[in-house]
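In what follows, a single structure is set out as structure tokens and then discussed.
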Amino acid sequence: WAADCFVLPSLYETFSLVTAEAAAAGCPVIVTRLHGVEEFVSDPSTGFVIERSVAGGLEGLRRFLALTPDECARMGTRAATDVSRYSIENFRSAWQLFYTEMPC
């Protein structure tokens with residue numbers, strides 16, 4: 001809970017639960033563009049999408065460190081709000097609606 005941001009310079013992810021969890025905790029996220037992970041990030045609203053390289057990682061961290069504390073807090077709040085669409089309540093409601101509308 002003391003983290004200022006979350007960085008995921010991964011080479012492979014299918015559904016990055018850890019990125020969703022970091023965003024839900026209010027951390028701005030810095031991720032590479034792969035397999036939908038960037039769906040959790042609205043650059044620069046909720047974090048940054050970086051190139052998968054040392055230079056890309058450094059650039060993402062530099063962008064983050066250039067933010068004011070208020071900008072970081074707003075970014076984290078927006079990240080938590082955006083990722084809330086993956087909540088268990090939304091998941092359950094979507095499936096209930098699906099089965100309700102499904103012809104028998």
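We name chains A, B, ... following the order of the structure tokens; residues begin at 1 in each chain, and ligands are numbered from 1 as shown.
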>> Can you tell me which residues surround A:Ala25 at a distance of at most 9 Å, considering only C-alpha atoms, apart from same-chain residues fewer than 2 positions away, and format the answer as number ranges by chain?
In response: A: 1, 20-23, 27, 76-77, 79-80
>> Considering only alpha helix (DSSP H) as DSSP defines it on the backbone, what residues of chain A qualify? List them as an MDAnalysis selection string.
In response: chainID A and resid 17:24 54:65 69:83 88:101
For stretch 56-68 of chain A, find every residue with an atom within 9 Å (counting only C-alpha atoms), except residues of its own chain fewer than 4 positions away, and show them as a CSV table (one decimal) with C-alpha atoms, in the first residue's frame.
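The resulting selection.csv:
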chain,number,residue,atom,x,y,z
A,5,CYS,CA,3.4,3.4,-8.9
A,7,VAL,CA,5.8,-1.1,-13.3
A,9,PRO,CA,8.0,-4.5,-18.1
A,28,PRO,CA,-0.6,4.6,-11.5
A,30,ILE,CA,3.6,1.7,-16.2
A,31,VAL,CA,3.3,-1.3,-18.6
A,32,THR,CA,4.5,-2.6,-21.9
A,47,GLY,CA,-0.4,5.5,-16.3
A,48,PHE,CA,2.0,5.0,-19.2
A,49,VAL,CA,2.4,2.4,-21.9
A,50,ILE,CA,6.2,2.0,-22.6
A,51,GLU,CA,8.3,0.2,-25.1
A,52,ARG,CA,9.7,-3.1,-23.9
A,72,CYS,CA,0.1,11.2,-9.2
A,73,ALA,CA,-2.9,11.0,-6.8
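Each of A:Gly26, A:Leu34, A:Asp43, A:Thr19 was checked against A:Ala2 using only C-alpha atoms; the smallest atom-to-atom distance is that of A:Gly26.
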